[in-house]
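Source file: input12.cif. Holds: mmCIF, C-alpha atoms.
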data_final
loop_
_atom_site.label_atom_id
_atom_site.label_comp_id
_atom_site.auth_asym_id
_atom_site.auth_seq_id
_atom_site.Cartn_x
_atom_site.Cartn_y
_atom_site.Cartn_z
CA MET C 156 85.95 152.72 71.70
CA LYS C 157 85.72 154.89 68.57
CA ASP C 158 84.14 154.04 65.24
CA ARG C 159 83.39 155.93 62.03
CA THR C 160 79.74 155.87 61.07
CA PRO C 161 78.72 155.48 57.39
CA ASP C 162 77.78 159.18 57.20
CA GLY C 163 81.24 160.25 58.37
CA ARG C 164 80.56 161.01 62.02
CA THR C 165 82.47 159.53 64.97
CA LEU C 166 80.74 157.19 67.40
CA VAL C 167 82.37 157.08 70.83
CA VAL C 168 81.28 154.41 73.32
CA ASP C 169 83.00 153.96 76.67
CA GLY C 170 82.38 153.12 80.30
CA ASN C 171 81.34 149.51 79.77
CA SER C 172 83.46 147.10 81.80
CA LEU C 173 82.33 144.14 79.68
CA PRO C 174 83.56 143.97 76.06
CA PHE C 175 81.36 144.15 73.00
CA LEU C 176 81.08 140.94 71.02
CA ASN C 177 81.69 142.42 67.55
CA SER C 178 82.55 145.56 65.67
CA TRP C 179 79.69 148.06 65.37
CA ALA C 180 77.15 147.41 62.66
CA TYR C 181 74.86 150.02 61.11
CA VAL C 182 71.46 150.13 59.46
CA PHE C 183 70.58 153.35 57.69
CA TRP C 184 68.06 154.83 55.32
CA MET C 185 68.85 156.94 52.24
CA HIS C 186 66.63 159.22 50.18
CA GLY C 187 67.31 159.94 46.51
CA PRO C 188 65.69 160.61 43.14
CA ASP C 189 64.45 157.00 42.95
CA GLY C 190 62.92 157.03 46.44
CA ALA C 191 64.00 155.74 49.84
CA PHE C 192 66.09 152.63 50.44
CA ARG C 193 67.71 150.85 53.36
CA ALA C 194 71.26 149.49 53.62
CA GLN C 195 73.54 148.13 56.28
CA VAL C 196 77.25 148.14 57.04
CA VAL C 197 78.62 145.14 58.95
CA PRO C 198 82.01 143.40 59.32
CA ALA C 199 83.29 141.85 56.08
CA GLY C 200 82.07 138.31 55.50
CA SER C 201 78.97 138.64 57.71
CA ALA C 202 76.39 137.87 54.99
CA GLU C 203 78.13 134.66 53.95
CA ILE C 204 78.82 133.51 57.52
CA LEU C 205 75.26 134.20 58.67
CA GLY C 206 73.74 132.59 55.58
CA LYS C 207 75.70 129.41 56.14
CA GLN C 208 75.05 129.33 59.90
CA LEU C 209 71.30 129.67 59.35
CA GLY C 210 71.29 127.12 56.53
CA ASP C 211 70.07 129.65 53.94
CA TRP C 212 73.19 129.60 51.76
CA PRO C 213 72.32 126.49 49.69
CA ARG C 214 69.04 128.17 48.73
CA TYR C 215 70.76 131.19 47.17
CA LYS C 216 71.76 131.59 43.56
CA VAL C 217 75.15 133.24 44.09
CA ARG C 218 76.93 135.47 41.59
CA GLU C 219 80.24 137.20 42.32
CA ILE C 220 82.48 139.75 40.59
CA ALA C 221 85.44 141.90 41.62
CA HIS C 222 84.58 145.57 42.00
CA ASN C 223 86.13 148.74 43.44
CA GLY C 224 88.83 147.10 45.55
CA GLY C 225 86.48 144.42 46.86
CA ARG C 226 83.92 142.04 45.47
CA ILE C 227 80.19 142.11 44.80
CA LEU C 228 77.92 139.23 45.74
CA SER C 229 74.40 138.75 44.43
CA LEU C 230 72.42 136.42 46.71
CA GLU C 231 69.22 135.62 44.85
CA ASP C 232 66.49 133.87 46.84
CA ALA C 233 63.74 132.62 44.53
CA SER C 234 61.67 131.39 47.52
CA ILE C 235 60.94 134.98 48.54
CA GLY C 236 61.42 136.59 45.14
CA GLY C 237 64.22 138.91 46.18
CA THR C 238 67.95 139.54 45.92
CA THR C 239 70.46 140.76 48.50
CA PHE C 240 73.43 142.60 47.00
CA VAL C 241 76.64 142.86 49.02
CA TRP C 242 79.85 144.78 48.41
CA VAL C 243 82.58 143.11 50.47
CA GLY C 244 85.62 145.23 51.25
CA PRO C 245 88.79 144.53 53.23
CA GLN C 246 87.18 145.36 56.61
CA HIS C 247 83.44 145.87 56.12
CA GLU C 248 80.62 145.08 53.75
CA ILE C 249 77.63 147.05 52.46
CA ALA C 250 74.37 145.22 51.82
CA THR C 251 70.98 146.20 50.44
CA TYR C 252 67.91 144.26 49.38
CA ILE C 253 66.14 144.55 46.04
CA GLY C 254 62.81 142.90 45.30
CA GLY C 255 62.87 140.58 42.31
CA THR C 256 65.10 137.93 40.77
CA ASN C 257 67.44 138.03 37.77
CA VAL C 258 68.37 141.56 38.81
CA PRO C 259 71.41 142.75 36.81
CA LEU C 260 74.56 143.35 38.84
CA GLU C 261 74.78 146.73 37.13
CA ILE C 262 71.78 147.93 39.16
CA PHE C 263 73.78 147.56 42.37
CA MET C 264 76.96 148.88 40.76
CA ASP C 265 75.12 152.03 39.62
CA TRP C 266 73.78 152.45 43.15
CA LEU C 267 77.27 152.14 44.66
CA ALA C 268 78.61 154.64 42.15
CA GLN C 269 76.57 157.36 43.88
CA PHE C 270 78.90 157.13 46.89
CA ASP C 271 82.52 157.69 47.76
CA VAL C 272 83.22 154.48 49.72
CA GLN C 273 86.21 154.40 52.08
CA ASP C 274 86.82 151.20 54.06
CA SER C 275 89.32 151.05 56.92
CA PRO C 276 89.80 149.33 60.29
CA THR C 277 88.28 152.37 62.01
CA GLY C 278 85.03 152.15 60.04
CA LEU C 279 83.44 152.41 56.61
CA THR C 280 82.12 155.68 55.24
CA MET C 281 79.95 156.02 52.15
CA LEU C 282 79.34 159.67 51.44
CA PRO C 283 77.02 160.73 48.60
CA ARG C 284 78.95 162.11 45.65
CA PRO C 285 78.25 165.70 44.54
CA GLY C 286 75.33 165.79 42.16
CA SER C 287 73.90 162.42 43.25
CA ARG C 288 70.98 164.09 45.08
CA VAL C 289 71.18 161.35 47.71
CA ARG C 290 70.92 162.23 51.39
CA TYR C 291 71.02 160.30 54.63
CA GLY C 292 67.89 159.65 56.65
CA ARG C 293 67.70 157.70 59.89
CA MET C 294 70.58 155.61 61.23
CA LEU C 295 70.96 152.85 63.83
CA ALA C 296 74.17 151.40 65.27
CA PHE C 297 74.03 148.07 67.06
CA ASN C 298 76.24 145.67 68.97
CA THR C 299 76.06 143.01 71.69
CA ILE C 300 77.67 142.35 75.03
CA ASP C 301 77.71 138.56 75.05
CA GLN C 302 75.02 136.97 77.25
CA VAL C 303 74.25 140.32 78.89
CA CYS C 304 72.49 142.72 76.52
CA SER C 305 72.09 144.18 73.07
CA VAL C 306 72.83 147.87 72.47
CA GLN C 307 71.17 150.03 69.81
CA ILE C 308 72.24 153.63 69.30
CA LYS C 309 70.29 156.23 67.33
CA PRO C 310 71.09 159.90 66.78
CA LYS C 311 68.91 161.83 69.21
CA GLY C 312 67.53 163.98 66.40
CA ASP C 313 66.07 160.89 64.70
CA VAL C 314 63.86 159.98 67.67
CA THR C 315 63.14 163.24 69.51
CA ASP C 316 59.36 162.94 69.16
CA ALA C 317 59.36 159.42 70.65
CA LEU C 318 61.42 160.16 73.76
CA PRO C 319 59.84 160.01 77.24
CA ARG C 320 58.46 163.31 78.53
CA SER C 321 59.06 162.47 82.18
CA THR C 322 62.31 163.11 84.03
CA GLY C 323 64.68 160.15 83.83
CA LYS C 324 67.21 158.90 86.31
CA ARG C 325 70.64 160.45 85.95
CA VAL C 326 73.33 157.92 84.93
CA ARG C 327 76.81 158.32 83.48
CA GLY C 328 75.58 158.28 79.87
CA GLY C 329 72.69 160.73 80.32
CA SER C 330 69.07 160.42 81.45
CA MET C 331 67.75 156.85 81.82
CA TRP C 332 64.27 155.34 81.69
CA ARG C 333 63.60 151.64 82.33
CA SER C 334 60.90 149.60 80.63
CA ASP C 335 59.60 146.18 81.72
CA GLU C 336 57.31 143.94 79.66
CA TYR C 337 55.29 141.14 81.27
CA ASP C 338 53.57 138.09 79.84
CA GLU C 339 49.90 137.21 80.41
CA GLN C 340 50.78 135.42 83.67
CA GLY C 341 52.50 138.52 85.04
CA ASN C 342 56.02 137.19 84.65
CA LEU C 343 58.76 139.60 83.62
CA LYS C 344 59.51 138.89 79.96
CA VAL C 345 61.71 141.73 78.64
CA ARG C 346 63.68 144.38 80.54
CA SER C 347 65.19 147.29 78.67
CA ALA C 348 66.40 150.82 79.27
CA ILE C 349 66.85 153.91 77.15
CA VAL C 350 69.66 156.36 77.90
CA VAL C 351 69.47 159.80 76.27
CA ASN C 352 72.02 162.59 76.12
CA ASP C 353 72.66 165.56 73.81
CA THR C 354 73.59 163.46 70.77
CA THR C 355 72.28 159.90 71.17
CA ALA C 356 69.36 157.77 72.32
CA THR C 357 70.63 154.32 73.33
CA THR C 358 68.34 151.34 73.89
CA ILE C 359 69.80 148.51 75.96
CA VAL C 360 67.88 145.21 76.11
CA ALA C 361 68.78 142.59 78.72
CA ALA C 362 69.44 139.00 77.67
CA GLU C 363 68.09 137.92 81.09
CA PRO C 364 65.75 140.40 82.81
CA ASP C 365 67.15 139.82 86.31
CA ASP C 366 70.86 139.88 85.41
CA PRO C 367 72.70 142.44 87.62
CA ALA C 368 75.34 142.82 84.91
CA PHE C 369 72.67 144.51 82.78
CA VAL C 370 72.19 147.17 85.45
CA GLY C 371 75.94 147.75 85.53
CA VAL C 372 76.02 148.38 81.76
CA VAL C 373 73.03 150.74 81.85
CA GLU C 374 74.51 152.84 84.63
CA SER C 375 78.03 153.05 83.23
CA VAL C 376 78.00 153.06 79.42
CA SER C 377 78.24 156.38 77.58
CA CYS C 378 77.53 156.84 73.86
CA GLY C 379 78.17 159.97 71.82
CA LEU C 380 78.14 161.13 68.18
CA SER C 381 80.24 163.96 66.81
#

File written out as structure tokens:
Amino acid sequence: MKDRTPDGRTLVVDGNSLPFLNSWAYVFWMHGPDGAFRAQVVPAGSAEILGKQLGDWPRYKVREIAHNGGRILSLEDASIGGTTFVWVGPQHEIATYIGGTNVPLEIFMDWLAQFDVQDSPTGLTMLPRPGSRVRYGRMLAFNTIDQVCSVQIKPKGDVTDALPRSTGKRVRGGSMWRSDEYDEQGNLKVRSAIVVNDTTATTIVAAEPDDPAFVGVVESVSCGLS
């Protein structure tokens, strides 16, 4: 399974016998002249579908315009005093949150104008335009294997200082460390594993701590960035 990351790299994930539930989604941080900000890239339509499933949609003041081969949504939530802006393309959407209400659509449009956005079935890239003085910071890719586990992938360079110092178990995807969390009664509450190789640090969290399918994913999945 190959996917283009927003910063133009290629994410390759293979070895899992169970399919992923969705396309890969990304959360990433940018740094520019106006400070740092966070955005996400998810499959097109996700913000609207999730808002309606959670019952939040009726609370939003929704504005919509056509823009740059897609459409822009402004989802204003007066109850929290903030606005989510979304550019929806043919395959993916880009979303970011801005504090405040009555935020002009032009604010988001000016932000998008700093990037060359290319949307395709193989992934969405949004590369800073020359002269924008915007650069990428940290990035996280995430997906789910239904009823088995969630998978979060970070570039190894983003988390080097937080990696275990001990020697991990060798698995197909790299070196693996397991982590178990217990409740106050001593019952196993959360089981997860981190698998690290030359390019990625992948955290896999079990839906059910004692599910043997989780072990199969941890020992077989391989994730790489190039």

Excluding C:Gly379 and its own-chain neighbours fewer than 6 positions away, which residues fall within 10 Å of it when counting all atoms listed in the file? Please give them as a compact mmCIF listing (two decimals) with C-alpha atoms, keeping the file's coordinate frame.
# COMPACT_ATOMS: atom_id res chain seq x y z
CA LYS C 157 85.72 154.89 68.57
CA THR C 165 82.47 159.53 64.97
CA LEU C 166 80.74 157.19 67.40
CA VAL C 167 82.37 157.08 70.83
CA VAL C 168 81.28 154.41 73.32
CA ASP C 169 83.00 153.96 76.67
CA ILE C 308 72.24 153.63 69.30
CA LYS C 309 70.29 156.23 67.33
CA PRO C 310 71.09 159.90 66.78
CA LYS C 311 68.91 161.83 69.21
CA GLY C 328 75.58 158.28 79.87
CA VAL C 351 69.47 159.80 76.27
CA ASN C 352 72.02 162.59 76.12
CA ASP C 353 72.66 165.56 73.81
CA THR C 354 73.59 163.46 70.77
CA THR C 355 72.28 159.90 71.17
CA ALA C 356 69.36 157.77 72.32
CA THR C 357 70.63 154.32 73.33

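The protein and nucleic acid residues lying at most 9 Å from stretch 183-185 of chain C are Pro161, Gly190, Ala191, Phe192, Arg193, Ala194, Gln195, Val196, Val289, Arg290, Tyr291, Gly292, Arg293, Met294, Leu295 and Ala296 of chain C, with only C-alpha atoms considered and sequence neighbours fewer than 4 positions away removed.
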
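Evaluated against the shown file, the PyMOL selection byres ((chain C and resi 247) around 8) gives C:Val196, C:Val197, C:Pro198, C:Ala199, C:Gly200, C:Val243, C:Gly244, C:Pro245, C:Gln246, C:Glu248, C:Ile249, C:Asp274, C:Ser275, C:Gly278, C:Leu279.
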
Since I can't run it myself right now, could you work out what the PyMOL selection byres ((chain C and resi 350) around 10) selects here and report it as a short mmCIF file (atom, residue, chain, number, x, y, z; two decimals) with C-alpha atoms, in the frame of the given file?
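Listing of out.cif after writing:
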data_model
loop_
_atom_site.label_atom_id
_atom_site.label_comp_id
_atom_site.auth_asym_id
_atom_site.auth_seq_id
_atom_site.Cartn_x
_atom_site.Cartn_y
_atom_site.Cartn_z
CA ILE C 308 72.24 153.63 69.30
CA LEU C 318 61.42 160.16 73.76
CA GLY C 323 64.68 160.15 83.83
CA LYS C 324 67.21 158.90 86.31
CA ARG C 325 70.64 160.45 85.95
CA VAL C 326 73.33 157.92 84.93
CA ARG C 327 76.81 158.32 83.48
CA GLY C 328 75.58 158.28 79.87
CA GLY C 329 72.69 160.73 80.32
CA SER C 330 69.07 160.42 81.45
CA MET C 331 67.75 156.85 81.82
CA TRP C 332 64.27 155.34 81.69
CA ARG C 333 63.60 151.64 82.33
CA ALA C 348 66.40 150.82 79.27
CA ILE C 349 66.85 153.91 77.15
CA VAL C 351 69.47 159.80 76.27
CA ASN C 352 72.02 162.59 76.12
CA THR C 355 72.28 159.90 71.17
CA ALA C 356 69.36 157.77 72.32
CA THR C 357 70.63 154.32 73.33
CA THR C 358 68.34 151.34 73.89
CA ILE C 359 69.80 148.51 75.96
CA VAL C 373 73.03 150.74 81.85
CA GLU C 374 74.51 152.84 84.63
CA VAL C 376 78.00 153.06 79.42
CA SER C 377 78.24 156.38 77.58
CA CYS C 378 77.53 156.84 73.86
#

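Listed by chain and then by number, the residues chosen by the PyMOL selection byres ((chain C and resi 172) around 12) in this file are Met156, Val168, Asp169, Gly170, Asn171, Leu173, Pro174, Phe175, Ile300, Val303, Ala368, Phe369, Val370, Gly371, Val372, Val373, Glu374, Ser375, Val376 and Ser377 of chain C.
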
Output file for the selection above: C-alpha atoms, as a PDB file, in the frame of the given file:
ATOM      1  CA  MET C 156      85.950 152.720  71.700  1.00  0.00           C
ATOM      2  CA  VAL C 168      81.280 154.410  73.320  1.00  0.00           C
ATOM      3  CA  ASP C 169      83.000 153.960  76.670  1.00  0.00           C
ATOM      4  CA  GLY C 170      82.380 153.120  80.300  1.00  0.00           C
ATOM      5  CA  ASN C 171      81.340 149.510  79.770  1.00  0.00           C
ATOM      6  CA  LEU C 173      82.330 144.140  79.680  1.00  0.00           C
ATOM      7  CA  PRO C 174      83.560 143.970  76.060  1.00  0.00           C
ATOM      8  CA  PHE C 175      81.360 144.150  73.000  1.00  0.00           C
ATOM      9  CA  ILE C 300      77.670 142.350  75.030  1.00  0.00           C
ATOM     10  CA  VAL C 303      74.250 140.320  78.890  1.00  0.00           C
ATOM     11  CA  ALA C 368      75.340 142.820  84.910  1.00  0.00           C
ATOM     12  CA  PHE C 369      72.670 144.510  82.780  1.00  0.00           C
ATOM     13  CA  VAL C 370      72.190 147.170  85.450  1.00  0.00           C
ATOM     14  CA  GLY C 371      75.940 147.750  85.530  1.00  0.00           C
ATOM     15  CA  VAL C 372      76.020 148.380  81.760  1.00  0.00           C
ATOM     16  CA  VAL C 373      73.030 150.740  81.850  1.00  0.00           C
ATOM     17  CA  GLU C 374      74.510 152.840  84.630  1.00  0.00           C
ATOM     18  CA  SER C 375      78.030 153.050  83.230  1.00  0.00           C
ATOM     19  CA  VAL C 376      78.000 153.060  79.420  1.00  0.00           C
ATOM     20  CA  SER C 377      78.240 156.380  77.580  1.00  0.00           C
TER      21      SER C 377
END

Residue list as a compact mmCIF listing (two decimals) with C-alpha atoms, keeping the file's coordinate frame for point (70.2, 138.1, 80.2), cut-off 10 Å, all atoms listed in the file:
# COMPACT_ATOMS: atom_id res chain seq x y z
CA ASP C 301 77.71 138.56 75.05
CA GLN C 302 75.02 136.97 77.25
CA VAL C 303 74.25 140.32 78.89
CA CYS C 304 72.49 142.72 76.52
CA SER C 305 72.09 144.18 73.07
CA VAL C 345 61.71 141.73 78.64
CA ARG C 346 63.68 144.38 80.54
CA VAL C 360 67.88 145.21 76.11
CA ALA C 361 68.78 142.59 78.72
CA ALA C 362 69.44 139.00 77.67
CA GLU C 363 68.09 137.92 81.09
CA PRO C 364 65.75 140.40 82.81
CA ASP C 365 67.15 139.82 86.31
CA ASP C 366 70.86 139.88 85.41
CA PRO C 367 72.70 142.44 87.62
CA ALA C 368 75.34 142.82 84.91
CA PHE C 369 72.67 144.51 82.78

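Atom CA of C:Gly236 to atom CA of C:Glu203 spans 19.0 Å [interatomic distance, one decimal].
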
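Taking atom CA of C:Gly163 as the reference point, atom CA of C:Leu380 is found at 10.3 Å.
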
Task: Pick from C:Gln307, C:Met281, C:Gly187, C:Ala233 nearest to C:Pro213, counting all atoms listed in the file - done: C:Ala233

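Distance check against C:Glu219 using all atoms listed in the file: of C:Leu282, C:Leu176, C:Glu231, C:Arg288, the minimum falls on C:Glu231.
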
- [ ] Between atom CA of C:Leu205 and atom CA of C:Tyr252, measure the distance and give it in Å to one decimal.
- [x] 15.5 Å

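You can rank C:Leu209, C:Ala268, C:Ile204, C:Ile220 by their closest distance to C:Arg284 using all atoms listed in the file, and at the top of that list sits C:Ala268.
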
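Minimum atom-to-atom distances from C:Val314, C:Asp335, C:Asn223, C:Phe297 to C:Ser178 were compared using all atoms listed in the file, and the lowest value belongs to C:Phe297.
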